[in-house]
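Below is the file model05.cif, which contains mmCIF, C-alpha atoms and all ligand atoms.
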```cif
data_upload
loop_
_atom_site.label_atom_id
_atom_site.label_comp_id
_atom_site.auth_asym_id
_atom_site.auth_seq_id
_atom_site.Cartn_x
_atom_site.Cartn_y
_atom_site.Cartn_z
CA MET A 1 5.62 -24.53 -3.43
CA ARG A 2 4.28 -21.95 -0.97
CA GLN A 3 1.58 -19.56 -2.15
CA ARG A 4 2.65 -15.99 -2.72
CA ILE A 5 1.64 -12.60 -1.42
CA LEU A 6 2.20 -9.37 -3.31
CA THR A 7 1.20 -6.02 -1.99
CA GLY A 8 2.78 -2.62 -1.88
CA ASP A 9 2.74 1.05 -1.12
CA ARG A 10 3.22 4.21 -3.09
CA PRO A 11 6.33 6.04 -1.82
CA THR A 12 4.50 9.37 -1.73
CA GLY A 13 5.21 9.78 1.99
CA PRO A 14 5.95 7.73 5.07
CA LEU A 15 3.41 5.10 6.14
CA HIS A 16 0.61 5.85 8.58
CA ILE A 17 -1.58 4.07 11.13
CA GLY A 18 -4.17 3.34 8.41
CA HIS A 19 -1.57 1.23 6.60
CA LEU A 20 -0.91 -0.64 9.81
CA VAL A 21 -4.48 -1.89 10.26
CA GLY A 22 -5.34 -1.97 6.55
CA SER A 23 -2.44 -4.06 5.32
CA LEU A 24 0.85 -4.09 7.26
CA ARG A 25 -0.35 -6.23 10.18
CA ASN A 26 -1.63 -8.91 7.78
CA ARG A 27 1.68 -8.92 5.94
CA VAL A 28 3.65 -9.35 9.13
CA ALA A 29 1.32 -12.09 10.36
CA LEU A 30 1.48 -14.03 7.07
CA GLN A 31 5.10 -13.53 6.06
CA HIS A 32 6.19 -16.93 7.39
CA GLU A 33 3.27 -18.73 5.80
CA TYR A 34 3.41 -17.14 2.33
CA ASP A 35 6.30 -16.25 0.10
CA THR A 36 5.81 -12.50 0.54
CA PHE A 37 6.79 -9.70 -1.84
CA VAL A 38 6.27 -6.04 -0.97
CA LEU A 39 6.50 -3.52 -3.76
CA LEU A 40 7.74 0.02 -3.26
CA ALA A 41 5.56 1.34 -6.07
CA ASP A 42 7.64 4.29 -7.23
CA VAL A 43 6.42 4.09 -10.83
CA GLN A 44 2.84 4.32 -9.62
CA ALA A 45 3.79 7.16 -7.26
CA LEU A 46 5.16 9.07 -10.24
CA THR A 47 1.81 8.89 -12.06
CA ASP A 48 0.60 11.76 -9.88
CA ASN A 49 4.01 12.98 -8.69
CA PHE A 50 5.96 13.07 -11.95
CA GLU A 51 7.03 16.63 -11.20
CA HIS A 52 8.53 15.55 -7.88
CA PRO A 53 10.90 12.65 -8.59
CA ARG A 54 13.12 13.54 -5.62
CA LYS A 55 10.19 13.24 -3.24
CA VAL A 56 9.42 9.76 -4.56
CA ARG A 57 13.05 8.70 -4.37
CA GLU A 58 13.40 9.89 -0.76
CA ASN A 59 10.21 8.20 0.30
CA VAL A 60 11.35 4.82 -0.99
CA LEU A 61 13.81 4.79 1.91
CA GLU A 62 11.18 6.07 4.36
CA VAL A 63 8.77 3.30 3.38
CA ALA A 64 11.54 0.69 3.60
CA LEU A 65 12.28 1.90 7.16
CA ASP A 66 8.58 1.67 7.97
CA TYR A 67 8.52 -1.93 6.74
CA LEU A 68 11.41 -2.87 9.01
CA ALA A 69 9.87 -0.89 11.88
CA VAL A 70 6.57 -2.81 11.83
CA GLY A 71 8.35 -6.15 11.73
CA LEU A 72 8.57 -7.19 8.09
CA ASP A 73 11.60 -9.45 8.15
CA PRO A 74 13.83 -9.10 5.06
CA ASN A 75 15.01 -12.67 5.62
CA VAL A 76 11.56 -13.92 4.64
CA THR A 77 9.91 -10.96 2.92
CA THR A 78 11.23 -9.66 -0.39
CA PHE A 79 11.33 -5.85 -0.72
CA VAL A 80 11.14 -4.84 -4.39
CA ILE A 81 11.55 -1.42 -6.02
CA GLN A 82 8.99 -1.32 -8.82
CA SER A 83 10.91 0.87 -11.28
CA GLN A 84 13.75 -1.65 -11.38
CA ILE A 85 11.49 -4.38 -12.78
CA PRO A 86 11.01 -3.57 -16.48
CA GLU A 87 8.83 -6.70 -16.88
CA ILE A 88 6.09 -4.89 -14.96
CA ALA A 89 6.07 -2.13 -17.57
CA GLU A 90 6.15 -4.72 -20.31
CA LEU A 91 3.18 -6.65 -18.92
CA THR A 92 1.29 -3.38 -18.46
CA MET A 93 1.65 -2.67 -22.17
CA PHE A 94 0.11 -6.02 -23.10
CA TYR A 95 -2.65 -5.82 -20.49
CA LEU A 96 -3.72 -2.41 -21.81
CA ASN A 97 -5.10 -4.28 -24.83
CA LEU A 98 -7.39 -6.28 -22.57
CA VAL A 99 -9.29 -3.40 -20.94
CA THR A 100 -11.50 -0.66 -22.34
CA VAL A 101 -11.30 3.05 -21.64
CA SER A 102 -14.93 3.09 -20.57
CA HIS A 103 -14.30 0.31 -18.07
CA LEU A 104 -11.31 2.18 -16.64
CA ARG A 105 -13.41 5.31 -16.36
CA GLN A 106 -15.82 3.44 -14.08
CA ASN A 107 -13.20 2.41 -11.53
CA PRO A 108 -14.63 3.94 -8.33
CA THR A 109 -11.27 4.49 -6.62
CA VAL A 110 -9.68 6.16 -9.62
CA LYS A 111 -12.83 8.22 -10.11
CA ALA A 112 -12.68 9.44 -6.50
CA GLU A 113 -8.96 10.19 -6.76
CA ILE A 114 -9.39 12.12 -10.02
CA ALA A 115 -12.06 14.26 -8.32
CA GLN A 116 -9.97 14.69 -5.18
CA LYS A 117 -6.92 15.80 -7.16
CA GLY A 118 -9.06 18.12 -9.29
CA TYR A 119 -7.81 16.62 -12.56
CA GLY A 120 -11.09 16.80 -14.45
CA GLU A 121 -10.47 16.01 -18.10
CA SER A 122 -6.75 16.71 -17.72
CA VAL A 123 -6.00 13.49 -15.91
CA PRO A 124 -2.55 12.19 -16.92
CA ALA A 125 -2.93 9.02 -19.01
CA GLY A 126 -0.43 7.22 -16.77
CA PHE A 127 -2.55 7.92 -13.71
CA PHE A 128 -5.74 6.92 -15.50
CA VAL A 129 -4.38 3.47 -16.32
CA TYR A 130 -2.65 2.73 -13.03
CA PRO A 131 -5.10 -0.09 -12.20
CA VAL A 132 -3.68 -1.90 -15.24
CA SER A 133 -0.12 -1.46 -14.04
CA GLN A 134 -1.26 -2.74 -10.66
CA ALA A 135 -2.54 -5.88 -12.38
CA ALA A 136 0.96 -6.22 -13.81
CA ASP A 137 2.49 -5.81 -10.32
CA ILE A 138 0.32 -8.53 -8.84
CA THR A 139 0.61 -11.02 -11.69
CA ALA A 140 4.33 -10.48 -12.32
CA PHE A 141 4.93 -12.08 -8.92
CA GLY A 142 2.25 -14.74 -9.38
CA ALA A 143 0.50 -13.59 -6.23
CA HIS A 144 -2.37 -15.61 -4.80
CA LEU A 145 -3.18 -13.20 -2.00
CA VAL A 146 -3.11 -9.39 -1.85
CA PRO A 147 -3.47 -7.82 1.64
CA VAL A 148 -5.00 -4.36 1.10
CA GLY A 149 -7.41 -1.74 2.37
CA ASP A 150 -10.84 -1.61 0.76
CA ASP A 151 -9.90 1.26 -1.59
CA GLN A 152 -7.92 -1.39 -3.47
CA LEU A 153 -10.77 -3.83 -4.07
CA PRO A 154 -11.58 -2.37 -7.52
CA MET A 155 -7.91 -2.92 -8.47
CA ILE A 156 -8.05 -6.58 -7.51
CA GLU A 157 -11.31 -7.00 -9.45
CA GLN A 158 -9.67 -5.38 -12.45
CA THR A 159 -6.70 -7.70 -12.07
CA VAL A 160 -8.93 -10.78 -11.96
CA GLU A 161 -10.66 -9.67 -15.16
CA ILE A 162 -7.35 -9.18 -16.93
CA VAL A 163 -6.03 -12.53 -15.72
CA ARG A 164 -9.12 -14.38 -16.92
CA ARG A 165 -9.04 -12.66 -20.29
CA PHE A 166 -5.34 -13.28 -20.78
CA ASN A 167 -5.54 -16.92 -19.72
CA ARG A 168 -8.52 -17.55 -22.00
CA LEU A 169 -7.08 -15.76 -25.03
CA TYR A 170 -3.48 -16.97 -24.87
CA ALA A 171 -2.66 -19.71 -22.35
CA PRO A 172 -3.38 -20.24 -18.66
CA VAL A 173 -0.13 -18.85 -17.27
CA LEU A 174 -1.31 -16.09 -14.90
CA VAL A 175 -2.32 -16.67 -11.28
CA GLU A 176 -5.72 -15.30 -10.27
CA PRO A 177 -5.33 -13.32 -7.03
CA ARG A 178 -7.74 -12.58 -4.22
CA ALA A 179 -7.82 -9.64 -1.83
CA LEU A 180 -7.35 -9.95 1.91
CA LEU A 181 -8.85 -7.01 3.78
CA GLY A 182 -7.28 -5.75 6.99
CA GLU A 183 -8.87 -5.74 10.44
CA VAL A 184 -9.95 -2.18 9.58
CA ALA A 185 -10.65 -1.95 5.86
CA ARG A 186 -10.50 1.85 5.81
CA LEU A 187 -9.28 4.04 8.66
CA PRO A 188 -10.69 7.59 8.51
CA GLY A 189 -8.45 10.66 8.55
CA LEU A 190 -7.75 13.01 11.45
CA ASP A 191 -10.11 15.44 9.72
CA GLY A 192 -12.97 12.92 9.84
CA LYS A 193 -12.75 12.33 6.07
CA ALA A 194 -13.43 8.79 4.93
CA LYS A 195 -9.81 7.81 4.35
CA MET A 196 -6.52 8.58 6.01
CA SER A 197 -4.04 9.14 3.16
CA LYS A 198 -0.43 10.10 2.90
CA SER A 199 -1.30 12.79 0.39
CA LEU A 200 -4.29 14.33 2.19
CA GLY A 201 -2.46 15.78 5.21
CA ASN A 202 -4.77 13.89 7.57
CA ALA A 203 -2.49 11.10 8.75
CA VAL A 204 -0.66 9.99 11.87
CA PHE A 205 2.61 8.63 10.52
CA LEU A 206 4.32 5.64 12.08
CA SER A 207 7.42 7.83 12.28
CA ASP A 208 5.78 10.83 13.99
CA SER A 209 7.41 11.92 17.25
CA PRO A 210 5.36 11.72 20.47
CA ASP A 211 4.94 15.52 20.36
CA GLU A 212 3.72 15.38 16.77
CA VAL A 213 1.21 12.65 17.58
CA ALA A 214 -0.03 14.64 20.60
CA ARG A 215 -0.43 17.75 18.46
CA LYS A 216 -2.36 15.85 15.80
CA VAL A 217 -4.64 14.12 18.29
CA ARG A 218 -5.39 17.41 20.05
CA GLY A 219 -6.41 18.95 16.72
CA MET A 220 -8.52 16.00 15.61
CA TYR A 221 -12.03 16.38 14.30
CA THR A 222 -14.71 15.11 16.67
CA ASP A 223 -18.46 15.68 16.86
CA PRO A 224 -18.82 19.42 16.06
CA GLN A 225 -22.08 19.55 18.06
CA HIS A 226 -20.33 18.29 21.19
CA LEU A 227 -19.50 21.66 22.70
CA ARG A 228 -19.67 21.17 26.46
CA VAL A 229 -18.58 18.17 28.51
CA GLU A 230 -22.14 17.49 29.65
CA ASP A 231 -23.53 17.49 26.07
CA ALA A 232 -24.38 14.19 24.42
CA GLY A 233 -21.93 13.36 21.64
CA ARG A 234 -21.91 11.22 18.52
CA VAL A 235 -19.47 8.35 18.12
CA GLU A 236 -20.52 7.52 14.53
CA GLY A 237 -18.33 9.37 12.07
CA ASN A 238 -16.13 10.47 14.98
CA PRO A 239 -12.56 9.43 14.16
CA VAL A 240 -11.52 9.48 17.84
CA PHE A 241 -13.74 6.48 18.41
CA ALA A 242 -12.80 4.88 15.10
CA TYR A 243 -9.16 4.95 16.27
CA LEU A 244 -10.09 3.54 19.69
CA ASP A 245 -11.98 0.74 17.91
CA ALA A 246 -8.90 0.09 15.80
CA PHE A 247 -6.16 0.31 18.41
CA ASP A 248 -7.45 -0.04 21.98
CA PRO A 249 -7.17 -3.71 22.92
CA ASP A 250 -9.55 -3.18 25.86
CA ARG A 251 -12.93 -3.51 24.10
CA GLU A 252 -14.95 -3.14 27.29
CA ARG A 253 -13.27 0.13 28.09
CA VAL A 254 -14.02 1.42 24.58
CA ALA A 255 -17.67 0.40 24.94
CA ALA A 256 -17.89 2.21 28.28
CA LEU A 257 -16.27 5.37 26.88
CA LYS A 258 -18.66 5.35 23.92
CA ALA A 259 -21.68 4.98 26.20
CA GLN A 260 -20.50 7.83 28.40
CA TYR A 261 -19.79 10.08 25.41
CA GLN A 262 -23.23 9.39 23.96
CA ARG A 263 -24.90 10.05 27.31
CA GLY A 264 -22.96 13.24 27.96
CA GLY A 265 -20.31 13.80 30.59
CA LEU A 266 -17.19 12.79 28.70
CA GLY A 267 -15.18 15.67 27.29
CA ASP A 268 -13.17 15.58 24.06
CA VAL A 269 -10.01 16.56 25.93
CA LYS A 270 -10.28 13.56 28.20
CA VAL A 271 -11.10 10.99 25.54
CA LYS A 272 -8.32 12.34 23.34
CA ARG A 273 -5.88 12.02 26.22
CA HIS A 274 -6.84 8.37 26.45
CA LEU A 275 -6.52 7.91 22.70
CA LEU A 276 -3.03 9.38 22.85
CA GLU A 277 -1.97 6.76 25.41
CA VAL A 278 -3.43 3.99 23.26
CA LEU A 279 -1.63 5.25 20.15
CA GLU A 280 1.65 5.66 22.01
CA ALA A 281 1.48 2.04 23.16
CA VAL A 282 1.25 1.04 19.47
CA LEU A 283 3.75 3.54 18.11
CA ALA A 284 6.54 3.52 20.70
CA PRO A 285 7.96 0.08 19.78
CA ILE A 286 7.61 0.85 16.05
CA ARG A 287 9.46 4.13 16.52
CA ALA A 288 12.22 2.38 18.45
CA ARG A 289 12.75 -0.27 15.75
CA ARG A 290 12.66 2.42 13.08
CA SER A 291 15.40 4.50 14.62
CA GLU A 292 17.48 1.38 15.13
CA ALA A 293 17.12 0.45 11.45
CA ALA A 294 17.90 4.04 10.42
CA GLN A 295 21.31 3.69 12.10
CA SER A 296 22.49 1.54 9.20
CA MET A 297 21.07 2.88 5.97
CA ASP A 298 23.63 0.90 3.95
CA GLN A 299 21.98 -2.23 5.36
CA VAL A 300 18.54 -0.92 4.29
CA GLU A 301 19.87 -0.28 0.80
CA ARG A 302 21.29 -3.79 0.66
CA VAL A 303 17.91 -5.23 1.63
CA LEU A 304 16.36 -3.26 -1.22
CA TYR A 305 19.00 -4.34 -3.69
CA GLU A 306 18.83 -8.01 -2.80
CA GLY A 307 15.03 -8.02 -2.69
CA THR A 308 14.78 -6.26 -6.02
CA THR A 309 17.22 -8.72 -7.59
CA ARG A 310 15.19 -11.69 -6.33
CA GLY A 311 11.93 -10.02 -7.39
CA ARG A 312 13.29 -9.49 -10.87
CA GLU A 313 14.06 -13.17 -11.24
CA VAL A 314 10.45 -14.06 -10.43
CA ALA A 315 9.08 -11.38 -12.79
CA VAL A 316 11.31 -12.63 -15.59
CA GLN A 317 9.87 -16.14 -15.20
CA THR A 318 6.34 -14.75 -15.50
CA MET A 319 7.29 -12.61 -18.48
CA THR A 320 8.91 -15.55 -20.23
CA ALA A 321 5.72 -17.59 -19.82
CA ALA A 322 3.57 -14.64 -20.92
CA ARG A 323 5.69 -14.03 -24.02
CA ARG A 324 5.47 -17.69 -24.95
CA ALA A 325 1.68 -17.58 -24.47
CA MET A 326 1.45 -14.55 -26.77
CA HIS A 327 3.73 -16.11 -29.43
CA LEU A 328 6.37 -13.48 -28.79
CA ASP A 329 9.18 -15.87 -27.91
CA TYR A 330 11.15 -15.22 -31.09
CA PHE A 331 14.64 -15.83 -29.76
CA GLY A 332 13.94 -18.04 -26.77
CA THR A 333 14.01 -16.40 -23.37
CA GLN A 334 16.98 -14.09 -23.81
CA PRO A 335 15.57 -10.55 -24.20
CA THR A 336 14.39 -10.27 -20.60
CA ASP A 337 16.97 -12.46 -18.92
CA PRO A 338 18.42 -10.34 -16.05
CA THR A 339 21.90 -11.78 -16.50
CA THR A 340 21.87 -10.47 -20.08
CA THR A 341 20.81 -7.05 -18.82
CA ARG A 342 23.54 -7.05 -16.22
CA ARG A 343 26.19 -7.83 -18.84
CA ASP A 344 24.82 -5.05 -21.05
CA ALA A 345 24.83 -2.58 -18.16
CA SER A 346 28.49 -3.22 -17.36
CA GLY A 347 29.36 -2.46 -20.97
CA SER A 348 31.44 -5.58 -21.32
CA SER A 349 31.24 -7.53 -24.54
CA GLY A 350 30.97 -10.71 -22.48
P1 LIG B 1 -1.64 8.05 -1.40
O1 LIG B 1 -2.38 9.19 -0.78
O2 LIG B 1 -0.31 8.42 -1.97
O3 LIG B 1 -2.47 7.24 -2.36
P2 LIG B 1 -2.23 6.14 0.67
O4 LIG B 1 -2.21 6.62 2.07
O5 LIG B 1 -3.55 5.96 0.01
O6 LIG B 1 -1.27 7.08 -0.16
P3 LIG B 1 -1.19 3.79 -0.61
O7 LIG B 1 0.28 3.65 -0.79
O8 LIG B 1 -2.00 4.27 -1.76
O9 LIG B 1 -1.45 4.77 0.65
O10 LIG B 1 -1.81 2.43 -0.08
C1 LIG B 1 -1.02 1.36 0.40
C2 LIG B 1 -1.88 0.30 1.04
O11 LIG B 1 -2.46 0.79 2.27
C3 LIG B 1 -3.07 -0.14 0.20
O12 LIG B 1 -3.25 -1.52 0.40
C4 LIG B 1 -4.24 0.62 0.78
O13 LIG B 1 -5.47 -0.05 0.61
C5 LIG B 1 -3.86 0.66 2.25
N1 LIG B 1 -4.43 1.87 2.88
C6 LIG B 1 -4.13 3.13 2.57
N2 LIG B 1 -4.83 3.99 3.33
C7 LIG B 1 -5.59 3.23 4.16
C8 LIG B 1 -6.53 3.52 5.20
N3 LIG B 1 -6.82 4.79 5.51
N4 LIG B 1 -7.12 2.50 5.85
C9 LIG B 1 -6.82 1.21 5.53
N5 LIG B 1 -5.93 0.86 4.56
C10 LIG B 1 -5.32 1.85 3.88
MG MG B 2 -3.64 5.45 -2.08
#
```
Rewrite the structure of this file - the entire thing - as structure tokens.
Amino acid sequence: MRQRILTGDRPTGPLHIGHLVGSLRNRVALQHEYDTFVLLADVQALTDNFEHPRKVRENVLEVALDYLAVGLDPNVTTFVIQSQIPEIAELTMFYLNLVTVSHLRQNPTVKAEIAQKGYGESVPAGFFVYPVSQAADITAFGAHLVPVGDDQLPMIEQTVEIVRRFNRLYAPVLVEPRALLGEVARLPGLDGKAKMSKSLGNAVFLSDSPDEVARKVRGMYTDPQHLRVEDAGRVEGNPVFAYLDAFDPDRERVAALKAQYQRGGLGDVKVKRHLLEVLEAVLAPIRARRSEAAQSMDQVERVLYEGTTRGREVAVQTMTAARRAMHLDYFGTQPTDPTTTRRDASGSSG
């Protein structure tokens, strides 16, 4: 049997160029080698967007279009909508017993996000425990490999701890995953902040129009001390150069531009104009495939339906094994059998 990949995205907005280098390119490259599942993590998105369910719903379709646009092939990659897999919620409930509140409090990513969102002590409990639900996502699909940006490393560590604990306490049924970092583990934002994020307003989206990209690049943060063309400038902490490092295939040219910028004599306007060309070369084909896919939204919805159905079958298998391991298999495997659920949903007495 082929090894599996599980990774996903929160449908809090369309995907951006940080996703491309952090995770999407690895998924596309590995989709023929691994049995790949991508999760549209709408339940996780609701943990900090519970007042905006419409936004989450709409962005599920945006993210699905982004997947198709970057070349995830629904014939080999399974697209799964998280909220339609109750087994993930069920596993989360059991895993919550295996972690402590103090351990969760130390998760560096969650800590940073709580500060960034200004939650303080009023952090919603669902948000606070999302690393546990992420462990359920990964293990429900029996994933061996998780392609992610480095902000997700604490989540994978947390998952490994839960897996080991579960397997030791009950029975060895869960697969221990490992992270696969992207070519750029964390792309900075347009504002120079450490991370480009959908929710920070500092992103170039894969779906941005050429005008929008040009506007964003023109307004990008650079070295604030670099006032005149002839001044020496800094490339460290300068997102213009971070993006050139990430996207310009001509390494020698990037090295020469950096040297000139550091020496003085290369203006921001000029280097940004070059960056824009580099980004357009990356984005133009993605944009074209996206608008083609958007022509047939019924097809996109079918991909989501079929993927979610297949994903559910895999999650049910994991849940069945987990229930057996925890001595909760009272009536055999029936309670979480999707065919049972389907019969119930149609209201027929069977
Ligand atoms: P949000 O602000 O809603 O959390 P996000 O931009 O952080 O959105 P996620 O859906 O949380 O995006 O992350 C999806 C995947 O993309 C994860 O694997 C994450 O590590 C990766 N990722 C997100 N932002 C970046 C980035 N700036 N650089 C590299 N990888 C990233
Ligand atoms: Mg995030």
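Between atom CA of A:Gly71 and atom CA of A:Ile17 the interatomic distance comes to 14.3 Å.
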Long-range neighbours of stretch 290-307 of chain A as JSON, numbers by chain, 7 Å cut-off, only C-alpha atoms, 5 positions minimum in chain: {"A": [65, 66, 68, 69, 74, 78, 79, 80]}
Test item: which residues lie within 9 Å of (-12.6, 4.5, 29.2) counting only C-alpha atoms, as a PyMOL selection string: chain A and resi 250+252-258+260+271+274
Might I get the box with edges along x, y and z of the file that holds all atoms of ligand LIG 1 (chain B) listed there, padded by 5 Å on every side, given as centre and edge lengths in Å to one decimal, as AutoDock Vina command-line options?
```
--center_x -3.4 --center_y 3.8 --center_z 1.7 --size_x 17.4 --size_y 20.7 --size_z 18.2
```
Environment of ligand LIG 1 (chain B) within 6 Å, counting all atoms listed in the file, reported as a PyMOL selection string: chain A and resi 8-10+12+18-19+22-23+148-152+185-188+195-199
Option closest in space to ligand MG 2 (chain B), from A:Gln82, A:Ser122, A:Thr309, A:Gln116 [counting only C-alpha atoms and all ligand atoms]: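 Distance minimum relative to ligand MG 2 (chain B) lands on A:Gln116.
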Exercise: A:Ile156 partners within 12 Å, all atoms listed in the file, chain neighbours under 5 positions left out, as a ChimeraX atom specification: /A:6-7,107,109,131-139,143-151,161-163,176-181
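Candidate residues A:Arg2, A:Leu30, A:Val229, A:Phe247 were compared for distance to A:Glu183, and the nearest is A:Phe247, using only C-alpha atoms.
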Residue among A:Ile81, A:Ile5, A:Val278, A:Leu46 lying closest to A:Ala125, counting all atoms listed in the file: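 Answer, going by the shortest atom-to-atom distance: A:Leu46.
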Counting all atoms listed in the file, the residue of A:Gly13, A:Gly233, A:Pro249, A:Gly332 that sits nearest ligand MG 2 (chain B):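 Using all atoms listed in the file, ligand MG 2 (chain B) sits closest to A:Gly13.
With all atoms listed in the file as the atoms that count, the residue of A:Ala246, A:Leu190, A:Leu72, A:Val314 with the shortest distance to A:Gly219 is A:Leu190.
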Length of the atom CA of A:Pro86 to atom CA of A:Gln31 vector [Å]: 25.3 Å
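Proximity of A:Glu113, A:Gln158, A:Thr92, A:Tyr261 to ligand MG 2 (chain B), computed with only C-alpha atoms and all ligand atoms, is greatest for A:Glu113.
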Point-to-point distance in Å for atom CA of A:Val76 and atom CA of A:Leu174: 23.5 Å
Contact residues around A:Val173 with all atoms listed in the file at 10 Å, ignoring same-chain residues under 4 positions, as an MDAnalysis selection string: chainID A and resid 139 142 163 166:168 318:319 321:322 324:325
Expected residue set, 9 Å radius at (-14.1, 11.1, -17.0), all atoms listed in the file, as a count of residues only: 8
9 Å contact set for A:Pro14, all atoms listed in the file, chain neighbours under 5 positions out, as a list in words: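 That gives Asn59, Val60, Leu61, Glu62, Val63, Leu65, Asp66, Lys198, Phe205, Leu206 and Ser207 of chain A.
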Distance query A:Val235 at most 9 Å, all atoms listed in the file, self and fewer than 5 positions along chain excluded, as a PyMOL selection string: chain A and resi 222-223+240-242+258+261-262
